[in-house]
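Enquirer: Pasting upload_17.txt below, which is compact mmCIF, C-alpha atoms.
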# COMPACT_ATOMS: atom_id res chain seq x y z
CA MET V 1 40.41 -50.90 310.93
CA ILE V 2 41.33 -48.44 308.19
CA ALA V 3 39.19 -45.78 306.51
CA MET V 4 40.25 -44.81 302.99
CA GLN V 5 39.17 -42.34 300.32
CA TYR V 6 40.42 -40.95 297.03
CA ARG V 7 38.78 -38.16 295.07
CA PHE V 8 38.85 -37.44 291.36
CA THR V 9 37.89 -33.87 290.47
CA LEU V 10 36.31 -33.92 287.01
CA PRO V 11 35.93 -31.13 284.39
CA ALA V 12 33.06 -28.69 284.86
CA ASP V 13 31.40 -29.93 281.66
CA TYR V 14 31.97 -33.63 282.42
CA ASP V 15 28.99 -35.88 281.68
CA MET V 16 28.23 -37.23 285.16
CA ASP V 17 26.00 -39.91 283.63
CA ILE V 18 29.31 -41.66 282.88
CA ILE V 19 29.99 -41.91 286.62
CA ARG V 20 26.45 -43.01 287.41
CA HIS V 21 26.70 -45.70 284.72
CA ARG V 22 30.10 -46.81 286.02
CA ILE V 23 28.71 -47.23 289.53
CA ALA V 24 25.62 -49.06 288.28
CA SER V 25 27.67 -51.49 286.17
CA LYS V 26 30.69 -52.02 288.44
CA GLY V 27 29.47 -51.34 291.97
CA HIS V 28 28.53 -54.95 292.65
CA LEU V 29 32.08 -56.14 291.92
CA LEU V 30 33.17 -55.41 295.50
CA ASP V 31 30.06 -56.82 297.16
CA ALA V 32 32.10 -59.84 298.33
CA PHE V 33 35.62 -58.39 298.46
CA PRO V 34 37.66 -59.95 301.30
CA ASN V 35 38.32 -57.80 304.38
CA LEU V 36 36.13 -54.95 303.12
CA VAL V 37 33.64 -53.75 305.75
CA PHE V 38 31.91 -51.39 303.33
CA LYS V 39 32.53 -49.18 300.33
CA ALA V 40 30.27 -46.22 299.57
CA TYR V 41 30.38 -45.21 295.91
CA LEU V 42 30.16 -41.42 296.14
CA TYR V 43 29.92 -38.69 293.54
CA ALA V 44 29.13 -34.98 293.37
CA ASP V 45 27.39 -33.32 290.43
CA ARG V 46 27.62 -29.53 290.02
CA ALA V 47 24.09 -29.57 288.58
CA ASP V 48 22.68 -31.17 291.75
CA GLY V 49 21.25 -28.41 293.93
CA VAL V 50 21.00 -30.64 296.98
CA ILE V 51 24.70 -31.50 296.96
CA ALA V 52 25.67 -27.87 296.34
CA SER V 53 29.10 -28.85 295.05
CA SER V 54 31.28 -26.40 293.14
CA GLU V 55 32.98 -29.36 291.42
CA ASN V 56 32.09 -32.59 289.70
CA ALA V 57 33.77 -35.42 291.57
CA TYR V 58 34.00 -39.17 292.06
CA ALA V 59 35.14 -39.98 295.59
CA PRO V 60 34.52 -43.50 296.97
CA PHE V 61 34.90 -44.04 300.72
CA TYR V 62 36.02 -47.39 302.19
CA VAL V 63 36.28 -48.99 305.61
CA TRP V 64 38.68 -51.94 305.65
CA GLN V 65 38.89 -54.63 308.30
CA ASN V 66 42.69 -54.58 308.00
CA CYS V 67 45.55 -53.52 305.74
CA ASP V 68 45.47 -56.88 303.90
CA GLY V 69 42.17 -55.98 302.28
CA MET V 70 43.29 -52.46 301.41
CA ASN V 71 46.57 -53.67 299.92
CA ALA V 72 44.80 -56.36 297.90
CA PHE V 73 42.43 -53.80 296.42
CA LEU V 74 45.12 -51.22 295.62
CA GLY V 75 47.11 -53.95 293.89
CA SER V 76 44.12 -55.25 291.95
CA GLU V 77 43.25 -54.95 288.28
CA GLY V 78 40.12 -53.10 289.33
CA PHE V 79 42.13 -50.27 290.87
CA ALA V 80 44.55 -50.32 287.93
CA GLY V 81 41.59 -49.90 285.58
CA LEU V 82 40.34 -46.98 287.67
CA THR V 83 43.69 -45.21 287.35
CA ARG V 84 43.74 -45.75 283.60
CA ALA V 85 40.32 -44.12 283.36
CA PHE V 86 40.81 -41.20 285.75
CA GLY V 87 44.50 -40.85 286.64
CA TRP V 88 46.69 -41.59 289.64
CA PRO V 89 44.96 -40.45 292.85
CA VAL V 90 46.17 -39.42 296.27
CA VAL V 91 44.77 -42.11 298.57
CA SER V 92 43.97 -40.76 302.04
CA THR V 93 43.88 -43.22 304.94
CA TRP V 94 42.86 -42.91 308.56
CA SER V 95 42.97 -45.18 311.60
CA VAL V 96 39.37 -45.87 312.67
CA TRP V 97 38.39 -44.83 316.18
CA GLN V 98 34.76 -45.84 315.90
CA ALA V 99 32.38 -47.02 313.19
CA LEU V 100 28.65 -47.53 313.58
CA ALA V 101 26.02 -48.57 311.07
CA THR V 102 22.49 -49.91 310.71
CA GLU V 103 21.40 -52.80 308.53
CA ASP V 104 19.89 -50.20 306.19
CA LEU V 105 23.13 -48.45 305.22
CA GLY V 106 22.73 -49.87 301.71
CA ARG V 107 19.75 -47.53 301.28
CA ALA V 108 21.75 -44.36 301.97
CA ILE V 109 21.03 -41.47 299.62
CA THR V 110 23.69 -38.93 300.59
CA ALA V 111 26.99 -38.86 302.48
CA THR V 112 28.91 -36.15 304.29
CA ARG V 113 32.60 -35.99 305.07
CA GLU V 114 34.19 -33.42 307.32
CA THR V 115 37.86 -33.03 308.20
CA ILE V 116 38.95 -31.16 311.31
CA ALA V 117 42.47 -30.30 312.43
CA VAL V 118 43.86 -31.71 315.68
CA GLU V 119 45.71 -28.98 317.53
CA PRO V 120 49.12 -29.73 319.09
CA PHE V 121 49.01 -31.21 322.59
CA THR V 122 45.34 -32.17 322.27
CA ASP V 123 44.16 -34.80 324.75
CA LEU V 124 43.58 -37.56 322.19
CA THR V 125 41.71 -39.83 324.58
CA ALA V 126 39.21 -37.09 325.39
CA LEU V 127 38.92 -36.16 321.71
CA ARG V 128 38.21 -39.76 320.79
CA GLU V 129 35.49 -39.99 323.42
CA ARG V 130 33.84 -36.78 322.20
CA GLU V 131 33.96 -37.89 318.57
CA THR V 132 32.54 -41.29 319.48
CA ASP V 133 29.68 -39.61 321.35
CA CYS V 134 29.05 -37.38 318.33
CA ALA V 135 28.93 -40.41 316.02
CA ARG V 136 26.44 -42.16 318.30
CA ALA V 137 24.27 -39.03 318.50
CA ASP V 138 24.15 -38.77 314.71
CA MET V 139 23.02 -42.40 314.56
CA GLN V 140 20.48 -42.26 317.36
CA GLN V 141 19.13 -38.73 317.04
CA SER V 142 19.88 -37.44 313.54
CA GLY V 143 19.03 -40.55 311.52
CA ALA V 144 22.42 -41.45 310.04
CA PHE V 145 22.67 -44.94 308.54
CA ALA V 146 26.42 -45.05 309.27
CA ALA V 147 28.90 -42.95 311.24
CA VAL V 148 32.67 -43.32 311.07
CA VAL V 149 35.26 -41.31 312.96
CA ALA V 150 38.94 -41.83 312.20
CA TYR V 151 42.20 -39.95 312.54
CA ASP V 152 45.46 -39.34 310.71
CA PRO V 153 48.42 -38.85 313.08
CA THR V 154 50.66 -37.75 310.19
CA ALA V 155 48.57 -34.72 309.20
CA TRP V 156 46.93 -34.57 312.68
CA SER V 157 43.36 -34.50 311.48
CA VAL V 158 40.09 -36.25 312.23
CA VAL V 159 37.59 -37.29 309.58
CA ARG V 160 33.87 -37.55 310.28
CA PHE V 161 31.98 -39.61 307.71
CA ARG V 162 28.22 -40.14 307.68
CA LEU V 163 25.73 -41.93 305.44
CA TRP V 164 22.23 -40.44 305.45
CA ALA V 165 18.76 -41.80 304.72
CA ASP V 166 17.73 -38.47 303.18
CA GLU V 167 19.34 -35.27 301.95
CA GLY V 168 21.32 -34.98 305.17
CA PRO V 169 22.19 -31.82 307.11
CA GLU V 170 23.09 -28.48 305.61
CA LEU V 171 26.75 -28.22 304.63
CA ALA V 172 29.06 -26.76 307.25
CA ALA V 173 32.48 -25.20 306.70
CA GLY V 174 35.02 -27.85 305.72
CA GLN V 175 32.33 -30.36 304.84
CA HIS V 176 31.67 -32.19 301.57
CA LYS V 177 28.37 -33.76 300.55
CA TYR V 178 27.96 -36.54 298.00
CA ARG V 179 25.33 -38.66 296.36
CA VAL V 180 25.54 -42.38 297.13
CA GLY V 181 25.33 -44.57 294.03
CA HIS V 182 25.84 -47.94 295.71
CA VAL V 183 27.14 -49.43 298.97
CA SER V 184 29.12 -52.67 298.98
CA ARG V 185 29.10 -54.13 302.51
CA PRO V 186 30.62 -57.62 302.62
CA GLY V 187 32.00 -57.25 306.17
CA ILE V 188 28.94 -55.79 307.83
CA GLY V 189 27.28 -59.06 308.89
CA ALA V 190 30.26 -60.24 310.89
CA LEU V 191 30.12 -57.06 312.98
CA LEU V 192 26.41 -57.13 313.73
CA SER V 193 26.03 -56.76 317.48
CA GLU V 194 22.33 -55.92 317.65
CA PRO V 195 19.48 -56.27 315.14
CA SER V 196 19.58 -52.55 314.35
CA GLU V 197 23.17 -51.56 314.92
CA ILE V 198 26.69 -52.54 314.01
CA ALA V 199 29.49 -51.43 316.30
CA VAL V 200 33.16 -51.67 315.45
CA PRO V 201 35.05 -52.12 318.72
CA LYS V 202 37.83 -49.76 319.72
CA PRO V 203 41.23 -50.92 318.46
Please go through the file and, once you have read it, give me the structure as structure tokens.
Expert:
Amino acid sequence: MIAMQYRFTLPADYDMDIIRHRIASKGHLLDAFPNLVFKAYLYADRADGVIASSENAYAPFYVWQNCDGMNAFLGSEGFAGLTRAFGWPVVSTWSVWQALATEDLGRAITATRETIAVEPFTDLTALRERETDCARADMQQSGAFAAVVAYDPTAWSVVRFRLWADEGPELAAGQHKYRVGHVSRPGIGALLSEPSEIAVPKP
């Protein structure tokens, strides 16, 4: 599985209603996209005191079942239209270590994303186990609707992504918070292991 995100930083005086309208009118277009587990349509508004963002931004987050789905999307007219509207983004990708979700992830209100550096000679197996335990704790104890942990062995970093039922936790250093406008989740049903939880097996 592959996690993916790109982020467009928008002008300070940008009308964020444009982004909200874009999500409302186009979000459903990926509701049945092949090989997509889920896409969270995320944005940050400087005027939103809960998000506490210093920038306006549009920053969707994806989990793909495989590279075929990701490649199909990046080669699609939909992505081409996005680049014509906002420019050519840097697309970050990570190999998924663990992804968990509930059936209610479509009702998420906020999302957090945190990136942490992996120090040289780190025991990656132990790190993966700790991050997986952290993801499970956020699901079971903190009320997250979804928890994804993934890593980038090129930049040696780990990303922690969460979808929250409410305003979510206070921002920590190195963490971004977003509003969730819509969640497309065509691949969720196939991964349902229990009535209340979806578990993506270790690769």
Enquirer: For the atom pair CA of Ile51 (chain V) and CA of Lys177 (chain V), what is the interatomic distance in Å to one decimal place?
Expert: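 Pair CA of Ile51 (chain V) / CA of Lys177 (chain V) returns 5.6 Å.
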Enquirer: For Ala40 (chain V), which residue among V:Ala172, V:Ile188, V:Ala85, V:Ala111 is the nearest when counting only C-alpha atoms?
Expert: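 Using only C-alpha atoms, the shortest distance to Ala40 (chain V) belongs to V:Ala111.
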Enquirer: Using all atoms listed in the file, give me every residue within 8 Å of (36.8, -32.3, 311.6) in file coordinates, as an mmCIF file with C-alpha atoms, in the frame of the given file.
Expert:
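Printed below is point-v5.cif as written:
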data_model
loop_
_atom_site.group_PDB
_atom_site.id
_atom_site.type_symbol
_atom_site.label_atom_id
_atom_site.label_comp_id
_atom_site.auth_asym_id
_atom_site.auth_seq_id
_atom_site.Cartn_x
_atom_site.Cartn_y
_atom_site.Cartn_z
ATOM 1 C CA GLU V 114 34.190 -33.420 307.320
ATOM 2 C CA THR V 115 37.860 -33.030 308.200
ATOM 3 C CA ILE V 116 38.950 -31.160 311.310
ATOM 4 C CA ALA V 117 42.470 -30.300 312.430
ATOM 5 C CA SER V 157 43.360 -34.500 311.480
ATOM 6 C CA VAL V 158 40.090 -36.250 312.230
ATOM 7 C CA VAL V 159 37.590 -37.290 309.580
ATOM 8 C CA ARG V 160 33.870 -37.550 310.280
ATOM 9 C CA GLY V 174 35.020 -27.850 305.720
#
Enquirer: Given only C-alpha atoms as the basis, pick out the residue of V:Ala80, V:Asp138, V:Trp156, V:Leu74 nearest to Pro120 (chain V).
Expert: V:Trp156
Enquirer: Looking at V:Tyr62, V:Ala52, V:Ala150, V:His176, which one is nearest to Leu127 (chain V), with distances taken over all atoms listed in the file?
Expert: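 Answer, going by the shortest atom-to-atom distance: V:Ala150.
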Enquirer: Considering only C-alpha atoms, can you say which of V:Gln141, V:Gly181, V:Lys26, V:Ala12 comes closest to Arg107 (chain V)?
Expert: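 Selected residue with least distance to Arg107 (chain V): V:Gly181.
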Enquirer: Rank V:Thr102, V:Ser76, V:Ser184, V:Thr154 by their smallest atom-to-atom distance to Arg136 (chain V), using all atoms listed in the file, and report the top residue only.
Expert: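 Result for the nearest residue to Arg136 (chain V): V:Thr102.
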Enquirer: So what do you get for CA of Ala72 (chain V) versus CA of Asp45 (chain V), distance-wise?
Expert: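 Those two atoms sit 29.8 Å apart.
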Enquirer: Find the residues near Ser92 (chain V): any atom within 8 Å, counting all atoms listed in the file, skip ones fewer than 2 places away on the same chain, and give them as a PyMOL selection string.
Expert: chain V and resi 4-6+90+94
Enquirer: Near Ala24 (chain V), within 12 Å and counting all atoms listed in the file, which residues show up once chain neighbours fewer than 5 positions away are dropped, as a tab-separated table (two decimals) with C-alpha atoms, keeping the file's coordinate frame?
Expert:
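The resulting file, result-v4.tsv, is shown below:
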chain	number	residue	atom	x	y	z
V	17	ASP	CA	26.00	-39.91	283.63
V	18	ILE	CA	29.31	-41.66	282.88
V	19	ILE	CA	29.99	-41.91	286.62
V	29	LEU	CA	32.08	-56.14	291.92
V	41	TYR	CA	30.38	-45.21	295.91
V	42	LEU	CA	30.16	-41.42	296.14
V	180	VAL	CA	25.54	-42.38	297.13
V	181	GLY	CA	25.33	-44.57	294.03
V	182	HIS	CA	25.84	-47.94	295.71
V	183	VAL	CA	27.14	-49.43	298.97
V	184	SER	CA	29.12	-52.67	298.98
Enquirer: List the neighbours of Ala146 (chain V) out to 8 Å using only C-alpha atoms; skip same-chain residues closer than 3 positions along the sequence, and give me the result as a PyMOL selection string.
Expert: chain V and resi 99-102+105+139+161-164
Enquirer: Using Å and a single decimal, report how far CA of Asp166 (chain V) sits from CA of Arg46 (chain V).
Expert: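 Interatomic distance here is 18.7 Å.
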Enquirer: Using all atoms listed in the file, pick whichever of V:Ala155, V:Met1, V:Arg179, V:Val37 has the shortest atom-to-atom distance to Arg20 (chain V).
Expert: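 Of V:Ala155, V:Met1, V:Arg179, V:Val37, the one nearest Arg20 (chain V) is V:Arg179, counting all atoms listed in the file.
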Enquirer: Around all the atoms of region 80-94 of chain V listed in the file, draw an axis-aligned box and extend it by 6 Å on each of the six sides; I want its centre and edge lengths in Å to one decimal, as lines of an AutoDock Vina configuration file.
Expert:
center_x = 43.5
center_y = -44.9
center_z = 296.0
size_x = 18.4
size_y = 22.9
size_z = 37.2
Enquirer: Excluding Glu167 (chain V) and residues on its chain fewer than 5 positions from it, collect all residues at most 8 Å away from it, counting only C-alpha atoms, and give them as a PyMOL selection string.
Expert: chain V and resi 50+109-110
Enquirer: Select all residues near (40.4, -43.8, 310.6) (cut-off 7 Å, inclusive, file coordinates), counting all atoms listed in the file, and output them as JSON, numbers by chain.
Expert: {"V": [2, 3, 93, 94, 95, 96, 97, 149, 150, 151, 152]}
Enquirer: Could you get me a file of region 31-149 of chain V with C-alpha atoms, as a compact mmCIF listing (two decimals), in the first residue's frame, taken from the block above?
Expert:
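Output saved as out09.txt:
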# COMPACT_ATOMS: atom_id res chain seq x y z
CA ASP V 31 -15.87 7.61 -4.65
CA ALA V 32 -15.44 4.59 -6.95
CA PHE V 33 -11.88 5.09 -8.21
CA PRO V 34 -10.12 1.73 -8.77
CA ASN V 35 -7.44 0.72 -6.24
CA LEU V 36 -8.12 3.72 -4.00
CA VAL V 37 -8.55 2.74 -0.34
CA PHE V 38 -9.51 6.25 0.70
CA LYS V 39 -8.90 9.90 -0.10
CA ALA V 40 -9.41 12.60 2.53
CA TYR V 41 -10.05 16.02 1.00
CA LEU V 42 -8.18 18.30 3.39
CA TYR V 43 -7.84 22.06 3.64
CA ALA V 44 -6.60 24.65 6.11
CA ASP V 45 -8.11 28.12 6.48
CA ARG V 46 -6.11 30.85 8.25
CA ALA V 47 -9.39 32.25 9.59
CA ASP V 48 -10.24 28.95 11.32
CA GLY V 49 -9.20 29.22 14.95
CA VAL V 50 -9.51 25.48 15.54
CA ILE V 51 -7.05 24.59 12.78
CA ALA V 52 -4.62 27.31 13.89
CA SER V 53 -2.88 27.33 10.52
CA SER V 54 -0.56 30.15 9.50
CA GLU V 55 -1.34 29.39 5.85
CA ASN V 56 -4.29 28.70 3.61
CA ALA V 57 -3.80 25.30 2.03
CA TYR V 58 -5.39 22.49 0.05
CA ALA V 59 -3.71 19.18 0.86
CA PRO V 60 -5.55 15.92 0.03
CA PHE V 61 -4.26 12.68 1.57
CA TYR V 62 -4.60 9.31 -0.19
CA VAL V 63 -4.06 5.66 0.65
CA TRP V 64 -3.69 3.50 -2.46
CA GLN V 65 -4.01 -0.26 -2.63
CA ASN V 66 -1.11 -0.37 -5.09
CA CYS V 67 0.92 1.75 -7.50
CA ASP V 68 -1.51 1.00 -10.37
CA GLY V 69 -4.19 3.12 -8.74
CA MET V 70 -1.78 5.94 -7.93
CA ASN V 71 -0.34 5.97 -11.44
CA ALA V 72 -3.81 5.94 -13.00
CA PHE V 73 -4.85 8.95 -10.93
CA LEU V 74 -1.68 10.96 -11.56
CA GLY V 75 -2.11 10.32 -15.28
CA SER V 76 -5.80 11.24 -15.25
CA GLU V 77 -7.57 14.30 -16.60
CA GLY V 78 -8.72 15.00 -13.06
CA PHE V 79 -5.15 15.46 -11.84
CA ALA V 80 -4.27 17.43 -14.98
CA GLY V 81 -7.18 19.77 -14.24
CA LEU V 82 -5.94 20.18 -10.67
CA THR V 83 -2.50 21.24 -11.89
CA ARG V 84 -4.02 23.73 -14.31
CA ALA V 85 -5.95 25.29 -11.43
CA PHE V 86 -3.24 25.31 -8.76
CA GLY V 87 0.15 24.51 -10.33
CA TRP V 88 2.50 21.55 -10.42
CA PRO V 89 2.83 20.01 -6.93
CA VAL V 90 5.47 17.96 -5.20
CA VAL V 91 3.76 14.62 -4.58
CA SER V 92 5.02 12.94 -1.41
CA THR V 93 4.65 9.16 -1.12
CA TRP V 94 5.25 6.71 1.69
CA SER V 95 5.19 2.93 2.03
CA VAL V 96 2.38 2.01 4.44
CA TRP V 97 3.35 0.11 7.57
CA GLN V 98 -0.12 0.03 9.06
CA ALA V 99 -3.53 1.55 8.35
CA LEU V 100 -6.59 1.28 10.57
CA ALA V 101 -10.04 2.77 10.19
CA THR V 102 -13.63 2.51 11.40
CA GLU V 103 -16.72 2.41 9.23
CA ASP V 104 -17.36 6.01 10.32
CA LEU V 105 -14.24 7.56 8.78
CA GLY V 106 -16.49 9.35 6.27
CA ARG V 107 -17.77 11.46 9.18
CA ALA V 108 -14.32 12.79 10.13
CA ILE V 109 -14.19 16.51 10.89
CA THR V 110 -10.45 17.15 11.23
CA ALA V 111 -7.18 15.45 10.30
CA THR V 112 -3.66 15.64 11.66
CA ARG V 113 -0.41 14.79 9.92
CA GLU V 114 2.93 14.59 11.65
CA THR V 115 6.31 13.82 10.11
CA ILE V 116 9.19 12.57 12.23
CA ALA V 117 12.78 11.93 11.18
CA VAL V 118 14.25 8.43 11.34
CA GLU V 119 17.74 8.61 12.77
CA PRO V 120 20.57 6.62 11.13
CA PHE V 121 20.90 3.01 12.30
CA THR V 122 17.42 2.99 13.83
CA ASP V 123 15.98 -0.48 14.45
CA LEU V 124 13.22 -0.25 11.83
CA THR V 125 11.39 -3.35 13.02
CA ALA V 126 11.13 -1.97 16.54
CA LEU V 127 10.12 1.46 15.20
CA ARG V 128 7.39 -0.10 13.09
CA GLU V 129 6.03 -1.98 16.09
CA ARG V 130 5.99 1.17 18.23
CA GLU V 131 4.27 3.20 15.52
CA THR V 132 1.70 0.46 14.98
CA ASP V 133 0.96 0.38 18.71
CA CYS V 134 0.59 4.18 18.67
CA ALA V 135 -1.85 3.99 15.76
CA ARG V 136 -3.94 1.37 17.57
CA ALA V 137 -3.96 3.44 20.76
CA ASP V 138 -5.21 6.49 18.88
CA MET V 139 -8.02 4.38 17.44
CA GLN V 140 -8.99 2.58 20.63
CA GLN V 141 -8.34 5.23 23.27
CA SER V 142 -8.28 8.65 21.59
CA GLY V 143 -11.23 8.26 19.24
CA ALA V 144 -9.54 8.48 15.84
CA PHE V 145 -11.66 7.34 12.89
CA ALA V 146 -8.53 6.36 10.93
CA ALA V 147 -4.82 5.98 11.69
CA VAL V 148 -2.11 5.52 9.08
CA VAL V 149 1.61 5.13 9.68
